[in-house]
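K.L.:
For reference, this is input23.txt, and it has compact mmCIF, C-alpha atoms.
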```txt
# COMPACT_ATOMS: atom_id res chain seq x y z
CA PHE U 826 -2.83 5.55 -20.63
CA ARG U 827 -1.63 4.09 -17.34
CA SER U 828 -3.49 6.74 -15.35
CA ALA U 829 -5.87 9.65 -15.79
CA LYS U 830 -3.13 12.02 -14.64
CA GLU U 831 -0.80 10.80 -17.38
CA SER U 832 -3.43 11.56 -20.03
CA LEU U 833 -3.28 15.24 -19.04
CA ILE U 834 0.18 15.47 -20.57
CA TRP U 835 -1.08 14.24 -23.92
CA PHE U 836 -4.11 16.49 -23.79
CA TRP U 837 -1.88 19.53 -23.27
CA ILE U 838 0.26 18.36 -26.19
CA TYR U 839 -2.92 18.17 -28.28
CA LEU U 840 -3.90 21.72 -27.28
CA SER U 841 -0.39 22.94 -28.08
CA VAL U 842 -0.53 21.36 -31.54
CA CYS U 843 -3.93 22.98 -32.12
CA ALA U 844 -2.53 26.36 -31.06
CA VAL U 845 0.41 25.96 -33.46
CA LEU U 846 -1.95 25.02 -36.31
CA LEU U 847 -4.17 28.00 -35.49
CA THR U 848 -1.17 30.33 -35.59
CA TRP U 849 -0.06 28.85 -38.91
CA GLU U 850 -3.55 29.22 -40.42
CA ILE U 851 -3.74 32.85 -39.32
CA TRP U 852 -0.31 33.51 -40.77
CA CYS U 853 -1.27 31.94 -44.11
CA ALA U 854 -4.78 33.44 -44.29
CA GLU U 855 -5.32 35.99 -47.05
CA GLY U 856 -8.19 37.98 -45.60
CA ARG U 857 -9.81 38.94 -42.31
CA GLY U 858 -12.89 36.82 -43.00
CA GLU U 859 -10.80 33.71 -43.58
CA VAL U 860 -8.86 34.32 -40.35
CA ILE U 861 -12.09 34.56 -38.34
CA ALA U 862 -13.43 31.38 -39.96
CA GLN U 863 -10.26 29.45 -39.15
CA VAL U 864 -10.25 30.71 -35.56
CA TYR U 865 -13.87 29.69 -34.99
CA PHE U 866 -13.31 26.33 -36.65
CA LEU U 867 -10.39 25.43 -34.39
CA MET U 868 -12.13 26.85 -31.33
CA ASN U 869 -15.12 24.58 -32.02
CA ILE U 870 -12.90 21.54 -32.39
CA MET U 871 -10.88 22.35 -29.26
CA GLY U 872 -14.03 23.12 -27.27
CA CYS U 873 -15.74 19.86 -28.25
CA MET U 874 -12.61 17.84 -27.53
CA GLY U 875 -12.17 19.64 -24.22
CA VAL U 876 -15.70 18.75 -23.10
CA VAL U 877 -15.34 15.11 -24.18
CA TYR U 878 -11.91 14.80 -22.55
CA SER U 879 -13.12 16.37 -19.29
CA ALA U 880 -15.99 13.87 -19.06
CA VAL U 881 -13.72 10.91 -19.79
CA PHE U 882 -11.04 12.21 -17.41
CA LEU U 883 -13.49 12.57 -14.50
CA PHE U 884 -14.88 9.11 -15.18
CA ALA U 885 -11.39 7.57 -15.34
CA ARG U 886 -10.30 9.31 -12.14
CA GLU U 887 -13.38 8.05 -10.31
CA LEU U 888 -12.73 4.56 -11.66
CA GLU U 889 -9.13 4.71 -10.43
CA SER U 890 -10.32 5.84 -6.99
CA GLU U 891 -12.73 2.91 -6.71
CA TYR U 892 -10.07 0.51 -7.96
CA THR U 893 -7.65 1.77 -5.30
CA LYS U 894 -10.28 1.26 -2.60
CA SER U 895 -10.94 -2.31 -3.77
CA GLU U 896 -7.18 -2.96 -3.74
CA GLU U 897 -6.94 -1.72 -0.15
CA VAL U 898 -9.83 -3.97 0.89
CA LEU U 899 -8.17 -6.99 -0.72
CA LEU U 900 -4.82 -6.19 0.89
CA ASN U 901 -6.51 -5.94 4.29
CA ILE U 902 -8.02 -9.40 3.81
CA LEU U 903 -5.31 -11.29 1.90
CA PRO U 904 -1.49 -11.19 1.67
CA SER U 905 -0.17 -8.95 -1.09
CA LYS U 906 1.40 -11.82 -3.05
CA ILE U 907 -1.90 -13.70 -3.09
CA VAL U 908 -3.67 -10.57 -4.35
CA LYS U 909 -1.15 -10.30 -7.21
CA ARG U 910 -1.72 -13.94 -8.14
CA ILE U 911 -5.49 -13.44 -8.11
CA LYS U 912 -5.12 -10.42 -10.41
CA ARG U 913 -3.07 -12.56 -12.81
CA GLY U 914 -6.01 -14.95 -13.01
CA GLU U 915 -4.37 -17.79 -11.07
CA PHE U 916 -7.03 -20.08 -9.59
CA PRO U 917 -7.15 -22.12 -7.46
CA ILE U 918 -4.16 -20.96 -5.41
CA VAL U 919 -2.60 -23.93 -3.64
CA ASP U 920 0.95 -24.00 -2.26
CA HIS U 921 2.89 -26.64 -0.35
CA VAL U 922 4.96 -25.29 2.53
CA SER U 923 7.23 -27.67 4.44
CA ALA U 924 7.40 -25.69 7.67
CA VAL U 925 5.96 -22.42 8.98
CA THR U 926 5.89 -20.51 12.23
CA ILE U 927 2.68 -18.71 13.23
CA LEU U 928 2.34 -15.80 15.62
CA PHE U 929 -1.12 -14.94 16.88
CA ALA U 930 -1.26 -11.94 19.22
CA ASP U 931 -4.11 -9.99 20.73
CA LEU U 932 -4.48 -7.06 23.10
CA VAL U 933 -5.33 -7.96 26.69
CA GLY U 934 -8.30 -5.97 28.00
CA PHE U 935 -9.40 -4.62 24.62
CA THR U 936 -12.97 -5.95 24.94
CA LYS U 937 -13.43 -4.21 28.28
CA ALA U 938 -11.84 -1.01 27.00
CA SER U 939 -14.14 -0.97 23.96
CA ALA U 940 -17.10 -0.52 26.32
CA GLU U 941 -15.43 2.38 28.15
CA LEU U 942 -13.56 4.33 25.45
CA HIS U 943 -14.94 6.10 22.39
CA PRO U 944 -14.61 4.03 19.17
CA ASN U 945 -13.04 6.94 17.30
CA PHE U 946 -10.25 7.03 19.87
CA LEU U 947 -9.80 3.31 20.50
CA VAL U 948 -10.11 2.06 16.93
CA GLY U 949 -9.58 5.19 14.84
CA LEU U 950 -6.40 6.24 16.63
CA PHE U 951 -4.93 3.66 18.99
CA LEU U 952 -5.65 0.44 17.07
CA ARG U 953 -4.77 2.11 13.77
CA ASP U 954 -1.36 3.16 15.09
CA ILE U 955 -0.73 -0.25 16.63
CA PHE U 956 -1.47 -2.20 13.46
CA HIS U 957 0.42 0.28 11.30
CA ALA U 958 3.49 -0.14 13.54
CA PHE U 959 3.09 -3.94 13.47
CA ASP U 960 2.81 -3.92 9.65
CA GLU U 961 6.12 -2.07 9.40
CA LEU U 962 7.77 -4.55 11.77
CA VAL U 963 6.46 -7.50 9.75
CA GLY U 964 8.03 -6.05 6.60
CA LYS U 965 11.25 -5.32 8.47
CA HIS U 966 11.58 -8.94 9.60
CA GLY U 967 10.67 -10.44 6.23
CA LEU U 968 7.50 -12.11 7.50
CA GLU U 969 3.93 -12.05 6.19
CA LYS U 970 0.81 -10.68 7.80
CA ILE U 971 -2.19 -12.93 7.23
CA LYS U 972 -4.98 -10.81 8.67
CA THR U 973 -6.31 -8.85 11.63
CA ILE U 974 -9.36 -10.05 13.53
CA GLY U 975 -10.69 -7.29 15.75
CA ASP U 976 -7.77 -6.57 18.08
CA ALA U 977 -5.94 -9.77 17.10
CA TYR U 978 -2.99 -9.89 14.71
CA MET U 979 -1.82 -12.97 12.79
CA VAL U 980 1.63 -13.33 11.20
CA VAL U 981 3.30 -16.25 9.46
CA GLY U 982 6.95 -16.93 8.78
CA GLY U 983 8.34 -19.48 6.32
CA LEU U 984 5.98 -18.91 3.41
CA ASP U 985 8.80 -17.59 1.24
CA HIS U 986 12.35 -16.29 1.28
CA SER U 987 12.07 -12.53 1.32
CA ASP U 988 14.49 -9.65 1.61
CA GLY U 989 14.14 -9.66 5.37
CA GLU U 990 16.14 -12.89 5.74
CA GLU U 991 19.54 -11.23 5.41
CA LYS U 992 18.52 -8.45 7.79
CA ASN U 993 17.44 -10.98 10.40
CA ARG U 994 20.68 -12.92 10.07
CA GLN U 995 22.62 -9.71 10.67
CA ARG U 996 20.44 -8.87 13.65
CA ARG U 997 20.84 -12.36 15.15
CA SER U 998 24.60 -12.04 14.74
CA SER U 999 24.54 -8.61 16.42
CA MET U 1000 22.44 -9.84 19.35
CA SER U 1001 24.64 -12.92 19.76
CA SER U 1002 27.74 -10.78 19.94
CA LEU U 1003 26.16 -8.58 22.61
CA ASP U 1004 25.14 -11.25 25.09
CA GLY U 1005 27.22 -14.22 23.93
CA THR U 1006 24.13 -16.32 23.22
CA GLU U 1007 23.85 -18.20 19.94
CA LEU U 1008 20.40 -17.61 18.47
CA PRO U 1009 18.99 -20.67 16.64
CA THR U 1010 18.69 -20.75 12.86
CA HIS U 1011 16.88 -24.11 12.60
CA GLY U 1012 19.00 -25.45 9.80
CA ASP U 1013 22.54 -26.51 8.99
CA ASN U 1014 23.06 -23.54 6.69
CA GLY U 1015 20.77 -20.98 8.29
CA ASP U 1016 17.58 -22.05 6.53
CA HIS U 1017 14.18 -22.02 8.25
CA HIS U 1018 15.10 -18.82 10.05
CA HIS U 1019 11.45 -17.91 10.57
CA PRO U 1020 11.10 -19.11 14.21
CA THR U 1021 13.84 -16.69 15.22
CA SER U 1022 12.34 -13.96 13.04
CA ILE U 1023 8.98 -14.45 14.75
CA MET U 1024 10.68 -14.23 18.14
CA LEU U 1025 12.43 -10.99 17.20
CA LEU U 1026 9.17 -9.62 15.81
CA ALA U 1027 7.39 -10.41 19.08
CA LEU U 1028 10.05 -8.53 21.06
CA ASP U 1029 9.68 -5.51 18.78
CA MET U 1030 5.89 -5.68 19.03
CA PHE U 1031 6.12 -5.40 22.82
CA GLN U 1032 8.34 -2.34 22.44
CA GLU U 1033 5.97 -0.70 19.94
CA LEU U 1034 2.98 -1.37 22.18
CA LYS U 1035 4.82 0.18 25.11
CA ARG U 1036 5.58 3.28 23.03
CA ILE U 1037 2.01 3.69 21.77
CA ASN U 1038 0.56 3.00 25.23
CA LYS U 1039 2.64 5.89 26.51
CA LYS U 1040 1.51 8.10 23.61
CA TYR U 1041 -2.19 7.58 24.43
CA ASN U 1042 -1.80 7.09 28.20
CA LEU U 1043 -3.13 3.52 28.09
CA ASP U 1044 -2.01 0.25 29.65
CA PHE U 1045 -2.62 -2.59 27.18
CA SER U 1046 -0.46 -5.70 27.03
CA LEU U 1047 0.01 -8.45 24.44
CA ARG U 1048 -0.54 -12.17 24.74
```
Show me, as structure tokens, the structure contained in the file I just sent.
P.N.:
Amino acid sequence: FRSAKESLIWFWIYLSVCAVLLTWEIWCAEGRGEVIAQVYFLMNIMGCMGVVYSAVFLFARELESEYTKSEEVLLNILPSKIVKRIKRGEFPIVDHVSAVTILFADLVGFTKASAELHPNFLVGLFLRDIFHAFDELVGKHGLEKIKTIGDAYMVVGGLDHSDGEEKNRQRRSSMSSLDGTELPTHGDNGDHHHPTSIMLLALDMFQELKRINKKYNLDFSLR
């Protein structure tokens, strides 16, 4: 089975088949004693199978929970595509990239604030919301988050050609039409768009920080 939850369907099918067989045996039984024997026989089988299935189901569900946690840890450390390649058994992982653009941003004043504000508030709420918002922006712009280091956030563009490329081209065209400025594409045919994507991401990150600062009545800035 692909999941413990999916196995429940088949277990209910098994119980239904047992119930049908029990009904058929009762219908075909010739005496009361034979009916009781058939009922107890099937009840014993169903009871034993139920106990065994319950134990296996709980074990499988716990295993799935631990597997999900390990996946989340890996995804917090490594890019999702690298995690998929590791799971496929690819090793070592070495890629040649002709050109990339790297954005490294951190919150100004976070170290000082960490000594003044409660960790549950600063990290559990504020930093969680900030990084969650940044993650969504990274996906929106077709870039790739490398990792977070404390209050720092590292993003790379140019590692691949993702679905965000077309969106960024449309957005560059829209912004150019608004202010009459031609945004660079770094290529004769629009290739190597990642510097512009990084720039647009940075602008959106400032807006998200401003919104979340207002939400928590804080005054952080990015550098």
K.L.:
Rounded to one decimal in Å, what is the spacing between atom CA of Ala940 of chain U and atom CA of Asp1044 of chain U?
P.N.:
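Going from atom CA of Ala940 of chain U over to atom CA of Asp1044 of chain U covers 15.5 Å.
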K.L.:
With only C-alpha atoms as the basis for distance, which of U:Leu942, U:Ile955, U:Ala930, U:Leu947 is at the shortest distance from Ile1023 of chain U?
P.N.:
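Counting only C-alpha atoms, the residue closest to Ile1023 of chain U is U:Ala930.
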K.L.:
Distance cut-off 10 Å, centre (-9.2, -9.6, 15.5) in file coordinates, counting only C-alpha atoms: which residues qualify? Return them as a VMD selection string.
P.N.:
chain U and resid 929 to 932 972 to 979
K.L.:
State, in Å with one decimal place, the distance from atom CA of Ile870 of chain U to atom CA of Ala844 of chain U.
P.N.:
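According to the coordinates, atom CA of Ile870 of chain U and atom CA of Ala844 of chain U are separated by 11.5 Å.
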K.L.:
Smallest atom-to-atom distance to Leu1047 of chain U: which of U:Val981, U:Leu928, U:Val877, U:Met871, using all atoms listed in the file?
P.N.:
U:Leu928
K.L.:
So that I can check the surroundings of Val919 of chain U, please list as a ChimeraX atom specification every protein, DNA and RNA residue that reaches within 12 Å of it, counting all atoms listed in the file and ignoring chain neighbours fewer than 4 positions away.
P.N.:
/U:907,910-911,915
K.L.:
With all atoms listed in the file as the basis for distance, which of U:Leu900, U:Val881, U:Ala958, U:Val845 is at the shortest distance from Lys830 of chain U?
P.N.:
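Once distances to Lys830 of chain U are computed over all atoms listed in the file, the minimum belongs to U:Val881.
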K.L.:
What separation in Å, quoted to one decimal, exists between atom CA of Phe836 of chain U and atom CA of Phe884 of chain U?
P.N.:
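Rounded to one decimal, the two atoms are 15.6 Å apart.
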K.L.:
Using all atoms listed in the file, which residue out of U:Leu867, U:Val922, U:Leu840, U:Leu952 lies closest to Asn1038 of chain U?
P.N.:
U:Leu952
K.L.:
Any idea what's packed within 10 Å of Ala938 of chain U, counting all atoms listed in the file, ignoring anything in its chain fewer than 4 positions away? Could you give it as a list in words?
P.N.:
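Within the cut-off, the hits are Val933, Gly934, Leu942, His943, Pro944, Leu947, Leu1043 and Phe1045 of chain U.
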K.L.:
Nearest to Glu961 of chain U: which of U:Leu1026, U:Trp849, U:Val842, U:Lys937 is it, counting all atoms listed in the file?
P.N.:
U:Leu1026
K.L.:
Identify which of the residues U:His921, U:Lys970, U:Lys912, U:Arg1048 lies closest to Ala1027 of chain U, counting only C-alpha atoms when measuring atom-to-atom distances.
P.N.:
U:Arg1048
K.L.:
If you count only C-alpha atoms, which residues fall within 10 Å of Leu962 of chain U, apart from same-chain ones fewer than 4 positions away, as a PyMOL selection string?
P.N.:
chain U and resi 956-958+966-968+1025-1027+1029-1030+1033
